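Since the structure comes first, as structure tokens, the remarks are kept for the end.
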Amino acid sequence: MALIAEERSVIASKHRRHATDSGSPEVQIAMLTARIKEVADHLQDHQKDNHSRRGLLMMVGRRNRLLKYLAKTNPGDYQKLIATLGLRK
């Protein structure tokens with residue numbers, strides 16, 4: 001269920017601020033969004049997997065905190081990121 005290295009590098013290259021960026025809020029939010037989509041698809045098939053459901057809720061909460069931080073510190077990048085990822089805010 002974890003993202004493989006190639007997927008992580010593609011996601012990071014799309015959302016990074018500079019050539020060696022791997023930990024900016026934009027990259028972290030994009031990684032979490034990809035991970036959330038995978039776990040949500042898993043839960044469509046396995047409705048009773050409560051451990052994965054809890055992990056999904058924790059990831060969504062972490063993404064919301066990062067989005068709130070990004071909106072407060074850099075509103076322009078926030079708007080661009082949610083448009084790129086297709087998030088509702």
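Labels for the structure tokens follow display order: chains A, B, ..., residues from 1 in each chain, ligands from 1.
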
Which of chain A fall in helix (DSSP H, G or I), as a VMD selection string: chain A and resid 5 to 15 25 to 45 50 to 73 75 to 85

Give me the residues within 10 Å of A:Ser52 as a PyMOL selection string, counting only C-alpha atoms and dropping any in the same chain fewer than 4 places off. chain A and resi 39-40+42-43+46-48+56-58

Keeping C-alpha atoms, export the residues of the selection given above as an mmCIF file, in the first residue's frame.
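This is the output file again04.cif:
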data_model
loop_
_atom_site.group_PDB
_atom_site.id
_atom_site.type_symbol
_atom_site.label_atom_id
_atom_site.label_comp_id
_atom_site.auth_asym_id
_atom_site.auth_seq_id
_atom_site.Cartn_x
_atom_site.Cartn_y
_atom_site.Cartn_z
ATOM 1 C CA VAL A 39 -6.050 3.752 1.163
ATOM 2 C CA ALA A 40 -9.534 4.973 0.189
ATOM 3 C CA HIS A 42 -8.409 -0.221 -0.435
ATOM 4 C CA LEU A 43 -11.282 0.544 1.924
ATOM 5 C CA HIS A 46 -12.307 -4.043 2.580
ATOM 6 C CA GLN A 47 -14.976 -2.170 4.520
ATOM 7 C CA LYS A 48 -14.183 -3.800 7.861
ATOM 8 C CA LEU A 56 -6.696 7.161 6.709
ATOM 9 C CA LEU A 57 -8.303 9.525 9.201
ATOM 10 C CA MET A 58 -4.907 10.365 10.675
#

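Remark: for A:Ser24, the closest of the candidate residues A:Thr84, A:Gln44, A:Asn50, A:Asn74 is A:Asn74 (distances computed over only C-alpha atoms).
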
Long-range neighbours of stretch 13-20 of chain A as a list in words, 12 Å cut-off, only C-alpha atoms, 2 positions minimum in chain: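 The contact residues come out as Glu6, Glu7, Arg8, Ser9, Val10, Ile11, Ser22, Gly23, Ser24, Pro25, Glu26, Val27, Gln28, Ile29, Ala30, Met31, Asp77, Tyr78, Lys80, Leu81, Ile82, Thr84 and Leu85 of chain A.
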
For the residues in that selection, give me C-alpha atoms as a PDB file, in the first residue's frame.
ATOM      1  CA  GLU A   6       9.280   5.988  -8.633  1.00  0.00           C
ATOM      2  CA  GLU A   7       5.838   7.327  -7.714  1.00  0.00           C
ATOM      3  CA  ARG A   8       7.332   9.376  -4.883  1.00  0.00           C
ATOM      4  CA  SER A   9       9.948  10.923  -7.157  1.00  0.00           C
ATOM      5  CA  VAL A  10       7.339  11.809  -9.803  1.00  0.00           C
ATOM      6  CA  ILE A  11       5.073  13.433  -7.213  1.00  0.00           C
ATOM      7  CA  SER A  22      11.687  16.935  -0.646  1.00  0.00           C
ATOM      8  CA  GLY A  23      10.059  18.255   2.509  1.00  0.00           C
ATOM      9  CA  SER A  24       8.180  21.437   1.692  1.00  0.00           C
ATOM     10  CA  PRO A  25       4.499  21.537   2.645  1.00  0.00           C
ATOM     11  CA  GLU A  26       3.501  21.290  -1.018  1.00  0.00           C
ATOM     12  CA  VAL A  27       5.425  18.036  -1.494  1.00  0.00           C
ATOM     13  CA  GLN A  28       4.163  16.590   1.791  1.00  0.00           C
ATOM     14  CA  ILE A  29       0.549  17.419   0.913  1.00  0.00           C
ATOM     15  CA  ALA A  30       0.905  15.883  -2.547  1.00  0.00           C
ATOM     16  CA  MET A  31       2.417  12.691  -1.082  1.00  0.00           C
ATOM     17  CA  ASP A  77       0.760  28.591  -3.403  1.00  0.00           C
ATOM     18  CA  TYR A  78      -2.151  27.195  -1.389  1.00  0.00           C
ATOM     19  CA  LYS A  80      -2.435  26.726  -6.817  1.00  0.00           C
ATOM     20  CA  LEU A  81      -1.874  23.454  -4.948  1.00  0.00           C
ATOM     21  CA  ILE A  82      -5.529  22.723  -4.195  1.00  0.00           C
ATOM     22  CA  THR A  84      -3.632  21.088  -9.013  1.00  0.00           C
ATOM     23  CA  LEU A  85      -4.595  18.278  -6.645  1.00  0.00           C
TER      24      LEU A  85
END

What is the distance between atom CA of A:Pro75 and atom CA of A:Arg62, in Å to one decimal?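 For atom CA of A:Pro75 relative to atom CA of A:Arg62, the distance reads 18.4 Å.
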
Please indicate the distance in Å from atom CA of A:Arg35 to atom CA of A:Arg65, rounded to one decimal place. 16.0 Å

Top pick for closest residue to A:Ala2, considering A:His51, A:Ala34, A:Leu70, A:Asp21 and counting only C-alpha atoms: A:Ala34

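The spacing separating atom CA of A:Ala12 from atom CA of A:Leu32 amounts to 11.3 Å.
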